[in-house]
>>> print(open('upload_0.cif').read())   # mmCIF, C-alpha atoms and all ligand atoms
data_input
#
loop_
_atom_site.group_PDB
_atom_site.id
_atom_site.type_symbol
_atom_site.label_atom_id
_atom_site.label_comp_id
_atom_site.auth_asym_id
_atom_site.auth_seq_id
_atom_site.Cartn_x
_atom_site.Cartn_y
_atom_site.Cartn_z
ATOM 1 C CA MET A 49 -123.383 129.021 97.446
ATOM 2 C CA ALA A 50 -123.443 127.057 100.720
ATOM 3 C CA PRO A 51 -120.046 125.696 101.795
ATOM 4 C CA MET A 52 -119.419 122.030 101.070
ATOM 5 C CA ILE A 53 -118.656 121.379 104.735
ATOM 6 C CA SER A 54 -119.946 123.543 107.545
ATOM 7 C CA ILE A 55 -118.796 122.611 111.035
ATOM 8 C CA GLN A 56 -120.742 124.758 113.464
ATOM 9 C CA SER A 57 -119.679 125.096 117.126
ATOM 10 C CA VAL A 58 -118.935 121.404 117.402
ATOM 11 C CA THR A 59 -117.914 119.881 120.711
ATOM 12 C CA LYS A 60 -117.152 116.196 121.084
ATOM 13 C CA VAL A 61 -116.767 114.648 124.507
ATOM 14 C CA TYR A 62 -115.798 110.988 124.832
ATOM 15 C CA GLN A 63 -116.650 108.965 127.930
ATOM 16 C CA SER A 64 -113.640 106.861 128.750
ATOM 17 C CA SER A 65 -112.371 104.791 131.676
ATOM 18 C CA ARG A 66 -110.363 107.902 132.666
ATOM 19 C CA GLY A 67 -113.514 110.018 132.720
ATOM 20 C CA GLU A 68 -114.638 112.551 130.141
ATOM 21 C CA VAL A 69 -112.253 113.606 127.365
ATOM 22 C CA THR A 70 -113.103 116.761 125.436
ATOM 23 C CA SER A 71 -111.693 115.904 122.057
ATOM 24 C CA LEU A 72 -113.087 118.959 120.253
ATOM 25 C CA ASP A 73 -114.145 122.135 121.985
ATOM 26 C CA ASP A 74 -116.487 124.502 120.153
ATOM 27 C CA VAL A 75 -114.867 124.096 116.738
ATOM 28 C CA SER A 76 -116.229 125.888 113.667
ATOM 29 C CA LEU A 77 -114.944 125.616 110.107
ATOM 30 C CA ASP A 78 -116.375 126.087 106.615
ATOM 31 C CA VAL A 79 -114.820 124.394 103.594
ATOM 32 C CA ASP A 80 -115.787 125.522 100.106
ATOM 33 C CA ARG A 81 -116.648 123.279 97.189
ATOM 34 C CA GLY A 82 -113.538 122.050 95.415
ATOM 35 C CA GLU A 83 -111.196 123.243 98.163
ATOM 36 C CA PHE A 84 -108.228 121.178 99.331
ATOM 37 C CA VAL A 85 -107.920 121.699 103.093
ATOM 38 C CA THR A 86 -105.361 119.995 105.313
ATOM 39 C CA LEU A 87 -105.710 119.511 109.069
ATOM 40 C CA VAL A 88 -102.444 119.417 110.963
ATOM 41 C CA GLY A 89 -101.650 119.288 114.657
ATOM 42 C CA PRO A 90 -100.024 117.201 117.364
ATOM 43 C CA SER A 91 -101.282 113.791 118.367
ATOM 44 C CA GLY A 92 -104.554 113.952 120.264
ATOM 45 C CA CYS A 93 -105.714 117.357 119.025
ATOM 46 C CA GLY A 94 -108.896 115.880 117.567
ATOM 47 C CA LYS A 95 -108.077 115.624 113.846
ATOM 48 C CA SER A 96 -109.460 112.112 113.414
ATOM 49 C CA THR A 97 -112.457 112.985 115.553
ATOM 50 C CA MET A 98 -113.243 115.909 113.258
ATOM 51 C CA LEU A 99 -112.915 113.774 110.123
ATOM 52 C CA ASN A 100 -115.020 110.973 111.586
ATOM 53 C CA LEU A 101 -117.723 113.470 112.527
ATOM 54 C CA VAL A 102 -117.841 114.784 108.944
ATOM 55 C CA ALA A 103 -117.850 111.174 107.686
ATOM 56 C CA GLY A 104 -120.869 110.488 109.916
ATOM 57 C CA LEU A 105 -119.021 107.752 111.823
ATOM 58 C CA LEU A 106 -119.372 109.761 115.063
ATOM 59 C CA GLU A 107 -121.983 112.188 116.375
ATOM 60 C CA PRO A 108 -121.124 115.524 117.957
ATOM 61 C CA THR A 109 -121.926 116.057 121.631
ATOM 62 C CA SER A 110 -123.131 119.539 120.697
ATOM 63 C CA GLY A 111 -123.125 121.722 117.605
ATOM 64 C CA ARG A 112 -123.861 120.501 114.092
ATOM 65 C CA ILE A 113 -122.228 119.588 110.813
ATOM 66 C CA LEU A 114 -123.699 120.207 107.384
ATOM 67 C CA VAL A 115 -122.381 118.635 104.190
ATOM 68 C CA ASP A 116 -123.662 120.242 101.022
ATOM 69 C CA GLY A 117 -126.269 122.069 103.107
ATOM 70 C CA ALA A 118 -127.714 118.947 104.779
ATOM 71 C CA PRO A 119 -127.070 117.798 108.367
ATOM 72 C CA VAL A 120 -124.822 114.730 108.563
ATOM 73 C CA ALA A 121 -126.802 111.725 109.759
ATOM 74 C CA GLY A 122 -124.451 108.779 109.292
ATOM 75 C CA PRO A 123 -122.057 107.755 106.528
ATOM 76 C CA GLY A 124 -123.085 108.178 102.892
ATOM 77 C CA PRO A 125 -121.809 107.602 99.358
ATOM 78 C CA ASP A 126 -121.329 111.354 98.929
ATOM 79 C CA ARG A 127 -118.303 111.062 101.285
ATOM 80 C CA GLY A 128 -115.358 108.808 100.440
ATOM 81 C CA VAL A 129 -113.072 107.988 103.354
ATOM 82 C CA ILE A 130 -109.444 106.880 102.996
ATOM 83 C CA PHE A 131 -107.499 105.743 106.047
ATOM 84 C CA GLN A 132 -103.811 105.149 106.644
ATOM 85 C CA GLN A 133 -104.223 101.402 106.349
ATOM 86 C CA TYR A 134 -105.093 100.561 102.803
ATOM 87 C CA ALA A 135 -108.285 98.691 103.665
ATOM 88 C CA LEU A 136 -108.328 96.832 100.360
ATOM 89 C CA PHE A 137 -109.960 93.417 100.244
ATOM 90 C CA PRO A 138 -106.915 91.129 100.020
ATOM 91 C CA TRP A 139 -108.743 88.428 98.070
ATOM 92 C CA LEU A 140 -109.909 90.804 95.318
ATOM 93 C CA THR A 141 -107.787 92.144 92.448
ATOM 94 C CA ALA A 142 -107.129 95.882 92.211
ATOM 95 C CA ARG A 143 -109.892 96.178 89.602
ATOM 96 C CA LYS A 144 -112.403 94.227 91.704
ATOM 97 C CA ASN A 145 -111.515 96.375 94.707
ATOM 98 C CA VAL A 146 -112.322 99.504 92.698
ATOM 99 C CA GLU A 147 -115.477 97.916 91.279
ATOM 100 C CA PHE A 148 -116.704 96.879 94.703
ATOM 101 C CA GLY A 149 -118.469 100.108 95.651
ATOM 102 C CA LEU A 150 -119.971 100.388 92.176
ATOM 103 C CA ARG A 151 -122.158 97.321 92.617
ATOM 104 C CA LEU A 152 -124.118 99.210 95.243
ATOM 105 C CA GLN A 153 -124.721 101.957 92.699
ATOM 106 C CA GLY A 154 -126.485 99.545 90.386
ATOM 107 C CA LEU A 155 -124.017 99.784 87.479
ATOM 108 C CA ASN A 156 -123.920 96.786 85.171
ATOM 109 C CA LYS A 157 -120.780 94.707 84.707
ATOM 110 C CA ARG A 158 -119.481 96.567 81.650
ATOM 111 C CA GLU A 159 -120.059 99.986 83.232
ATOM 112 C CA ARG A 160 -118.323 98.877 86.415
ATOM 113 C CA ARG A 161 -115.350 97.602 84.468
ATOM 114 C CA GLU A 162 -115.035 100.785 82.399
ATOM 115 C CA ARG A 163 -115.342 103.048 85.405
ATOM 116 C CA ALA A 164 -112.804 101.002 87.376
ATOM 117 C CA GLN A 165 -110.347 101.069 84.466
ATOM 118 C CA HIS A 166 -110.730 104.851 84.121
ATOM 119 C CA TYR A 167 -109.865 105.423 87.778
ATOM 120 C CA LEU A 168 -107.058 102.870 87.831
ATOM 121 C CA GLU A 169 -105.540 104.750 84.884
ATOM 122 C CA LEU A 170 -106.085 108.086 86.594
ATOM 123 C CA VAL A 171 -103.948 106.934 89.526
ATOM 124 C CA GLY A 172 -101.334 105.255 87.308
ATOM 125 C CA LEU A 173 -102.426 101.656 87.893
ATOM 126 C CA GLY A 174 -103.893 101.026 84.453
ATOM 127 C CA ARG A 175 -101.737 97.948 83.929
ATOM 128 C CA PHE A 176 -102.248 96.503 87.401
ATOM 129 C CA GLY A 177 -105.971 95.824 87.366
ATOM 130 C CA SER A 178 -105.498 92.072 87.721
ATOM 131 C CA ALA A 179 -102.919 92.296 90.519
ATOM 132 C CA LEU A 180 -103.832 91.264 94.054
ATOM 133 C CA PRO A 181 -103.092 93.770 96.864
ATOM 134 C CA LYS A 182 -100.204 91.598 98.134
ATOM 135 C CA GLU A 183 -98.552 92.058 94.732
ATOM 136 C CA LEU A 184 -98.663 95.863 95.017
ATOM 137 C CA SER A 185 -96.285 98.177 96.891
ATOM 138 C CA GLY A 186 -97.563 100.375 99.733
ATOM 139 C CA GLY A 187 -97.870 103.382 97.426
ATOM 140 C CA MET A 188 -99.698 101.347 94.790
ATOM 141 C CA LYS A 189 -102.124 99.986 97.372
ATOM 142 C CA GLN A 190 -102.892 103.493 98.524
ATOM 143 C CA ARG A 191 -103.368 104.620 94.900
ATOM 144 C CA CYS A 192 -105.805 101.760 94.496
ATOM 145 C CA ALA A 193 -107.673 102.934 97.606
ATOM 146 C CA ILE A 194 -107.805 106.442 96.117
ATOM 147 C CA ALA A 195 -109.134 105.051 92.809
ATOM 148 C CA ARG A 196 -111.784 103.133 94.722
ATOM 149 C CA ALA A 197 -112.838 106.221 96.652
ATOM 150 C CA TYR A 198 -112.955 108.366 93.492
ATOM 151 C CA ALA A 199 -114.843 105.765 91.457
ATOM 152 C CA VAL A 200 -118.049 106.028 93.460
ATOM 153 C CA ASN A 201 -118.018 109.717 92.612
ATOM 154 C CA PRO A 202 -118.226 111.259 96.074
ATOM 155 C CA SER A 203 -118.398 115.026 96.268
ATOM 156 C CA LEU A 204 -116.129 114.933 99.307
ATOM 157 C CA LEU A 205 -112.951 112.986 100.040
ATOM 158 C CA LEU A 206 -111.938 112.552 103.679
ATOM 159 C CA MET A 207 -108.367 111.334 104.056
ATOM 160 C CA ASP A 208 -106.883 110.378 107.443
ATOM 161 C CA GLU A 209 -103.068 110.246 107.200
ATOM 162 C CA PRO A 210 -103.314 108.321 103.913
ATOM 163 C CA PHE A 211 -99.566 108.495 103.269
ATOM 164 C CA GLY A 212 -98.502 107.975 106.876
ATOM 165 C CA ALA A 213 -97.226 104.438 106.292
ATOM 166 C CA LEU A 214 -95.180 105.270 103.189
ATOM 167 C CA ASP A 215 -91.468 105.983 102.930
ATOM 168 C CA ALA A 216 -90.459 109.624 102.375
ATOM 169 C CA LEU A 217 -89.763 109.364 98.628
ATOM 170 C CA THR A 218 -92.957 107.489 97.826
ATOM 171 C CA ARG A 219 -94.834 109.967 99.957
ATOM 172 C CA VAL A 220 -93.640 112.949 97.906
ATOM 173 C CA GLN A 221 -94.566 111.109 94.696
ATOM 174 C CA MET A 222 -98.015 110.300 96.104
ATOM 175 C CA GLN A 223 -98.575 113.952 96.969
ATOM 176 C CA ASP A 224 -97.978 114.913 93.327
ATOM 177 C CA ASP A 225 -100.152 112.047 92.100
ATOM 178 C CA LEU A 226 -102.987 112.988 94.415
ATOM 179 C CA LEU A 227 -102.840 116.621 93.338
ATOM 180 C CA ALA A 228 -102.817 115.589 89.657
ATOM 181 C CA THR A 229 -105.919 113.443 90.249
ATOM 182 C CA TRP A 230 -107.583 116.230 92.193
ATOM 183 C CA GLN A 231 -106.847 118.756 89.445
ATOM 184 C CA GLN A 232 -108.381 116.514 86.803
ATOM 185 C CA GLU A 233 -111.502 115.628 88.756
ATOM 186 C CA ARG A 234 -111.884 118.239 91.374
ATOM 187 C CA ARG A 235 -113.509 117.155 94.625
ATOM 188 C CA THR A 236 -113.525 118.792 98.008
ATOM 189 C CA VAL A 237 -110.746 117.225 100.085
ATOM 190 C CA LEU A 238 -110.245 117.245 103.847
ATOM 191 C CA PHE A 239 -106.850 115.693 104.499
ATOM 192 C CA ILE A 240 -105.268 114.933 107.883
ATOM 193 C CA THR A 241 -101.521 114.819 108.299
ATOM 194 C CA HIS A 242 -98.839 115.109 110.981
ATOM 195 C CA ASP A 243 -96.395 116.359 108.393
ATOM 196 C CA VAL A 244 -96.142 120.150 108.136
ATOM 197 C CA ASP A 245 -94.479 120.007 104.713
ATOM 198 C CA GLU A 246 -97.216 117.786 103.339
ATOM 199 C CA ALA A 247 -99.911 119.990 104.860
ATOM 200 C CA VAL A 248 -98.571 123.087 103.092
ATOM 201 C CA TYR A 249 -97.661 121.420 99.794
ATOM 202 C CA LEU A 250 -101.137 119.994 99.232
ATOM 203 C CA ALA A 251 -103.466 122.614 100.589
ATOM 204 C CA GLY A 252 -105.109 125.809 99.581
ATOM 205 C CA ARG A 253 -105.693 126.275 103.323
ATOM 206 C CA VAL A 254 -104.022 124.654 106.298
ATOM 207 C CA VAL A 255 -106.044 124.311 109.489
ATOM 208 C CA VAL A 256 -103.752 124.089 112.512
ATOM 209 C CA MET A 257 -105.151 122.408 115.611
ATOM 210 C CA SER A 258 -103.995 122.320 119.222
ATOM 211 C CA PRO A 259 -104.813 119.694 121.867
ATOM 212 C CA HIS A 260 -106.432 119.482 125.329
ATOM 213 C CA PRO A 261 -109.036 120.415 124.395
ATOM 214 C CA GLY A 262 -108.913 120.154 120.602
ATOM 215 C CA ARG A 263 -109.305 123.555 119.002
ATOM 216 C CA ILE A 264 -108.386 125.351 115.798
ATOM 217 C CA SER A 265 -105.416 127.541 116.669
ATOM 218 C CA ASP A 266 -104.666 128.992 113.236
ATOM 219 C CA ILE A 267 -105.853 128.892 109.626
ATOM 220 C CA VAL A 268 -103.123 129.553 107.086
ATOM 221 C CA ASP A 269 -103.792 130.356 103.421
ATOM 222 C CA VAL A 270 -101.365 128.882 100.899
ATOM 223 C CA PRO A 271 -101.511 131.294 97.964
ATOM 224 C CA LEU A 272 -99.297 129.154 95.697
ATOM 225 C CA PRO A 273 -100.897 128.172 92.376
ATOM 226 C CA TYR A 274 -101.605 124.606 91.259
ATOM 227 C CA PRO A 275 -99.964 122.533 89.908
ATOM 228 C CA ARG A 276 -97.496 122.637 92.759
ATOM 229 C CA THR A 277 -93.879 121.999 91.831
ATOM 230 C CA GLU A 278 -90.597 121.129 93.470
ATOM 231 C CA ASP A 279 -89.412 124.703 92.876
ATOM 232 C CA MET A 280 -92.360 125.959 94.908
ATOM 233 C CA ARG A 281 -91.589 123.471 97.664
ATOM 234 C CA LEU A 282 -88.075 124.921 97.861
ATOM 235 C CA SER A 283 -89.124 128.571 97.537
ATOM 236 C CA PRO A 284 -88.803 131.246 100.250
ATOM 237 C CA GLN A 285 -92.571 131.773 100.154
ATOM 238 C CA PHE A 286 -93.144 128.090 100.945
ATOM 239 C CA ALA A 287 -90.587 128.286 103.755
ATOM 240 C CA GLN A 288 -92.366 131.265 105.251
ATOM 241 C CA ILE A 289 -95.776 129.544 105.220
ATOM 242 C CA ARG A 290 -94.238 126.344 106.508
ATOM 243 C CA GLY A 291 -92.604 128.301 109.343
ATOM 244 C CA ARG A 292 -95.911 129.704 110.490
ATOM 245 C CA VAL A 293 -97.602 126.291 110.407
ATOM 246 C CA TRP A 294 -94.617 124.702 112.162
ATOM 247 C CA ARG A 295 -94.776 127.206 114.991
ATOM 248 C CA GLY A 296 -98.526 126.674 115.282
ATOM 249 C CA VAL A 297 -98.054 122.909 115.593
ATOM 250 C CA HIS A 298 -95.022 122.931 117.860
ATOM 251 C CA HIS A 299 -95.687 126.020 119.977
ATOM 252 C CA PRO A 300 -99.469 126.409 119.944
ATOM 253 C CA SER A 301 -99.650 128.834 122.848
ATOM 254 C CA ALA A 302 -97.165 131.186 121.138
ATOM 255 C CA THR A 303 -99.343 131.297 117.999
ATOM 256 C CA SER A 304 -102.519 132.150 119.866
ATOM 257 C CA THR A 305 -100.710 134.808 121.887
ATOM 258 C CA LEU A 306 -99.295 136.270 118.680
ATOM 259 C CA ARG A 307 -102.765 136.426 117.204
ATOM 260 C CA GLY A 308 -104.066 137.832 120.459
ATOM 261 C CA ASP A 309 -107.288 135.819 120.283
ATOM 262 C CA GLY A 310 -106.488 133.048 122.753
ATOM 263 C CA ALA A 311 -107.991 130.533 120.270
HETATM 264 N N1 LIG B 401 -113.109 106.437 121.532
HETATM 265 C C1 LIG B 401 -112.485 107.269 122.347
HETATM 266 N N2 LIG B 401 -112.694 107.233 123.685
HETATM 267 C C2 LIG B 401 -112.082 108.080 124.523
HETATM 268 N N3 LIG B 401 -111.234 109.066 124.124
HETATM 269 C C3 LIG B 401 -110.984 109.158 122.810
HETATM 270 C C4 LIG B 401 -111.584 108.266 121.854
HETATM 271 N N4 LIG B 401 -111.140 108.610 120.613
HETATM 272 C C5 LIG B 401 -110.309 109.657 120.802
HETATM 273 N N5 LIG B 401 -110.216 109.985 122.104
HETATM 274 C C6 LIG B 401 -109.424 111.088 122.680
HETATM 275 O O1 LIG B 401 -109.793 112.283 122.021
HETATM 276 C C7 LIG B 401 -108.649 113.090 121.767
HETATM 277 C C8 LIG B 401 -108.541 113.348 120.256
HETATM 278 O O2 LIG B 401 -108.297 112.117 119.586
HETATM 279 P P1 LIG B 401 -108.121 112.041 117.998
HETATM 280 O O3 LIG B 401 -107.831 110.632 117.641
HETATM 281 O O4 LIG B 401 -109.269 112.698 117.334
HETATM 282 O O5 LIG B 401 -106.827 112.958 117.788
HETATM 283 P P2 LIG B 401 -105.815 113.043 116.565
HETATM 284 O O6 LIG B 401 -105.414 114.466 116.476
HETATM 285 O O7 LIG B 401 -106.411 112.419 115.352
HETATM 286 O O8 LIG B 401 -104.599 112.155 117.083
HETATM 287 P P3 LIG B 401 -103.527 111.312 116.251
HETATM 288 O O9 LIG B 401 -102.814 112.316 115.419
HETATM 289 O O10 LIG B 401 -102.675 110.702 117.310
HETATM 290 O O11 LIG B 401 -104.282 110.304 115.433
HETATM 291 C C9 LIG B 401 -107.463 112.333 122.359
HETATM 292 O O12 LIG B 401 -107.215 112.869 123.649
HETATM 293 C C10 LIG B 401 -107.946 110.904 122.445
HETATM 294 O O13 LIG B 401 -107.325 110.236 123.518
#
>>> encode(input="upload_0.cif", output="structure tokens", more="lines below")
Ligand SMILES: Nc1ncnc2c1ncn2[C@@H]1O[C@H](COP(=O)(O)OP(=O)(O)OP(=O)(O)O)[C@@H](O)[C@H]1O
Amino acid sequence: MAPMISIQSVTKVYQSSRGEVTSLDDVSLDVDRGEFVTLVGPSGCGKSTMLNLVAGLLEPTSGRILVDGAPVAGPGPDRGVIFQQYALFPWLTARKNVEFGLRLQGLNKRERRERAQHYLELVGLGRFGSALPKELSGGMKQRCAIARAYAVNPSLLLMDEPFGALDALTRVQMQDDLLATWQQERRTVLFITHDVDEAVYLAGRVVVMSPHPGRISDIVDVPLPYPRTEDMRLSPQFAQIRGRVWRGVHHPSATSTLRGDGA
């Protein structure tokens, strides 16, 4: 079966006031259907650029990107995008926020309401449908954004630092909640984070990137089963994987030398 995402020799050069910036340099990556892949790397290594290219919000300078076998030509309902800022409509209740994208799908009022309620319950907001965003905590707002993205039934979820604005405890809780949602209704997830722990805890595969120009410096399998648990997070195996990713993020040249491929 074709991979869900196929990034093929993609280069992205931005024209800026400082001249040309090569944000991604000949990057290739395949992501299988139902996989949870995290992208981690220092600021400026091209993570957001890669996600925005897959989302169809940017076009590559060269190379191509296929989603479900078809070239990406702009954004589409098959790809749900979740950013760090909650991007909820402040004047709409949580339920209406989730229902919003469903109007475009031609569902009638009752169907929209049922679907919204299902996804609010899935993310633990079943009793908060009538709350306005300002009445929700940061974590709840982000859960609402996840429910909204799931509700339109995309085959692919693209998440750009979705938990970056949350405190550490809420963040850990949100990781478990996201994984529980993902296990119930499995979608392909591409998830950007700066946090090495988060990258390893969530993913089946961690893609490590290095900057100037943005490249993939390492791909690390995480052979821990789902559901992930606190015991796993504290296990020696986790520490070992985390160590490799950490070195890749903080000492990129050492990783590529170790691998002997100069990637
Ligand atoms: N619109 C733009 N115009 C010019 N340069 C850009 C533009 N967007 C990004 N860049 C540059 O491209 C490189 C990659 O940026 P990108 O935002 O993709 O990295 P990132 O890894 O997501 O960073 P961060 O973790 O800080 O969000 C950086 O050097 C950045 O300055």
>>> resolve_selection(input="upload_0.cif", expression="the PyMOL selection byres (((chain A and resi 275) around 9) and not hetatm)", output="list in words")
Asp224, Leu227, Ala228, Gln231, Leu272, Pro273, Tyr274, Arg276 and Thr277 of chain A
>>> closest_residue(input="upload_0.cif", among="A:Glu68, A:Glu233, A:Asp116, A:Glu107", to="A:Asp80", atoms="only C-alpha atoms")
A:Asp116
>>> residues_near_ligand(input="upload_0.cif", ligand="ligand LIG 401 (chain B)", cutoff="7 Å", atoms="only C-alpha atoms and all ligand atoms", output="ChimeraX atom specification")
/A:62-64,69-71,89-98,242,260,262
>>> closest_residue(input="upload_0.cif", among="A:Met188, A:Ala195, A:Ile55, A:Arg143", to="A:Val120", atoms="all atoms listed in the file")
A:Ile55
>>> resolve_selection(input="upload_0.cif", expression="the PyMOL selection byres (((chain A and resi 174) around 12) and not hetatm)", output="VMD selection string")
chain A and resid 142 to 143 146 161 to 173 175 to 179 188 191 to 192 195
>>> atom_distance(input="upload_0.cif", atom1="atom CA of A:Val115", atom2="atom CA of A:Leu204")
8.8 Å
>>> closest_residue(input="upload_0.cif", among="A:Thr141, A:Ala193, A:Arg112, A:Val200", to="A:Leu155", atoms="only C-alpha atoms")
A:Val200
>>> closest_residue(input="upload_0.cif", among="A:Ala197, A:Leu205, A:Ile264, A:Ala118", to="A:Val58", atoms="only C-alpha atoms")
A:Ile264
>>> atom_distance(input="upload_0.cif", atom1="atom CA of A:Ser54", atom2="atom CA of A:Gly117")
7.9 Å
>>> closest_residue(input="upload_0.cif", among="A:Leu206, A:Leu152, A:Val102, A:Val61", to="A:Phe131", atoms="all atoms listed in the file")
A:Leu206
>>> atom_distance(input="upload_0.cif", atom1="atom CA of A:Leu180", atom2="atom CA of A:Arg196")
14.3 Å
>>> closest_residue(input="upload_0.cif", among="A:Met49, A:Val220, A:Val88, A:Ile113", to="A:Arg295", atoms="all atoms listed in the file")
A:Val88
>>> build_atoms(input="upload_0.cif", residues="stretch 216-227 of chain A", atoms="N, CA and C atoms", output="PDB file, in the frame of the given file")
ATOM      1  N   ALA A 216     -90.454 108.188 102.702  1.00  0.00           N
ATOM      2  CA  ALA A 216     -90.459 109.624 102.375  1.00  0.00           C
ATOM      3  C   ALA A 216     -90.517 109.885 100.865  1.00  0.00           C
ATOM      4  N   LEU A 217     -89.786 109.110 100.073  1.00  0.00           N
ATOM      5  CA  LEU A 217     -89.763 109.364  98.628  1.00  0.00           C
ATOM      6  C   LEU A 217     -91.103 109.033  97.985  1.00  0.00           C
ATOM      7  N   THR A 218     -91.655 107.880  98.373  1.00  0.00           N
ATOM      8  CA  THR A 218     -92.957 107.489  97.826  1.00  0.00           C
ATOM      9  C   THR A 218     -94.011 108.518  98.225  1.00  0.00           C
ATOM     10  N   ARG A 219     -93.866 109.007  99.434  1.00  0.00           N
ATOM     11  CA  ARG A 219     -94.834 109.967  99.957  1.00  0.00           C
ATOM     12  C   ARG A 219     -94.879 111.226  99.093  1.00  0.00           C
ATOM     13  N   VAL A 220     -93.704 111.747  98.739  1.00  0.00           N
ATOM     14  CA  VAL A 220     -93.640 112.949  97.906  1.00  0.00           C
ATOM     15  C   VAL A 220     -94.267 112.667  96.529  1.00  0.00           C
ATOM     16  N   GLN A 221     -93.977 111.498  95.991  1.00  0.00           N
ATOM     17  CA  GLN A 221     -94.566 111.109  94.696  1.00  0.00           C
ATOM     18  C   GLN A 221     -96.090 111.026  94.807  1.00  0.00           C
ATOM     19  N   MET A 222     -96.566 110.446  95.908  1.00  0.00           N
ATOM     20  CA  MET A 222     -98.015 110.300  96.104  1.00  0.00           C
ATOM     21  C   MET A 222     -98.703 111.653  96.247  1.00  0.00           C
ATOM     22  N   GLN A 223     -97.992 112.601  96.845  1.00  0.00           N
ATOM     23  CA  GLN A 223     -98.575 113.952  96.969  1.00  0.00           C
ATOM     24  C   GLN A 223     -98.817 114.534  95.580  1.00  0.00           C
ATOM     25  N   ASP A 224     -97.811 114.394  94.695  1.00  0.00           N
ATOM     26  CA  ASP A 224     -97.978 114.913  93.327  1.00  0.00           C
ATOM     27  C   ASP A 224     -99.090 114.162  92.593  1.00  0.00           C
ATOM     28  N   ASP A 225     -99.124 112.847  92.783  1.00  0.00           N
ATOM     29  CA  ASP A 225    -100.152 112.047  92.100  1.00  0.00           C
ATOM     30  C   ASP A 225    -101.549 112.438  92.582  1.00  0.00           C
ATOM     31  N   LEU A 226    -101.668 112.624  93.882  1.00  0.00           N
ATOM     32  CA  LEU A 226    -102.987 112.988  94.415  1.00  0.00           C
ATOM     33  C   LEU A 226    -103.424 114.348  93.879  1.00  0.00           C
ATOM     34  N   LEU A 227    -102.491 115.289  93.845  1.00  0.00           N
ATOM     35  CA  LEU A 227    -102.840 116.621  93.338  1.00  0.00           C
ATOM     36  C   LEU A 227    -103.209 116.556  91.852  1.00  0.00           C
TER      37      LEU A 227
END
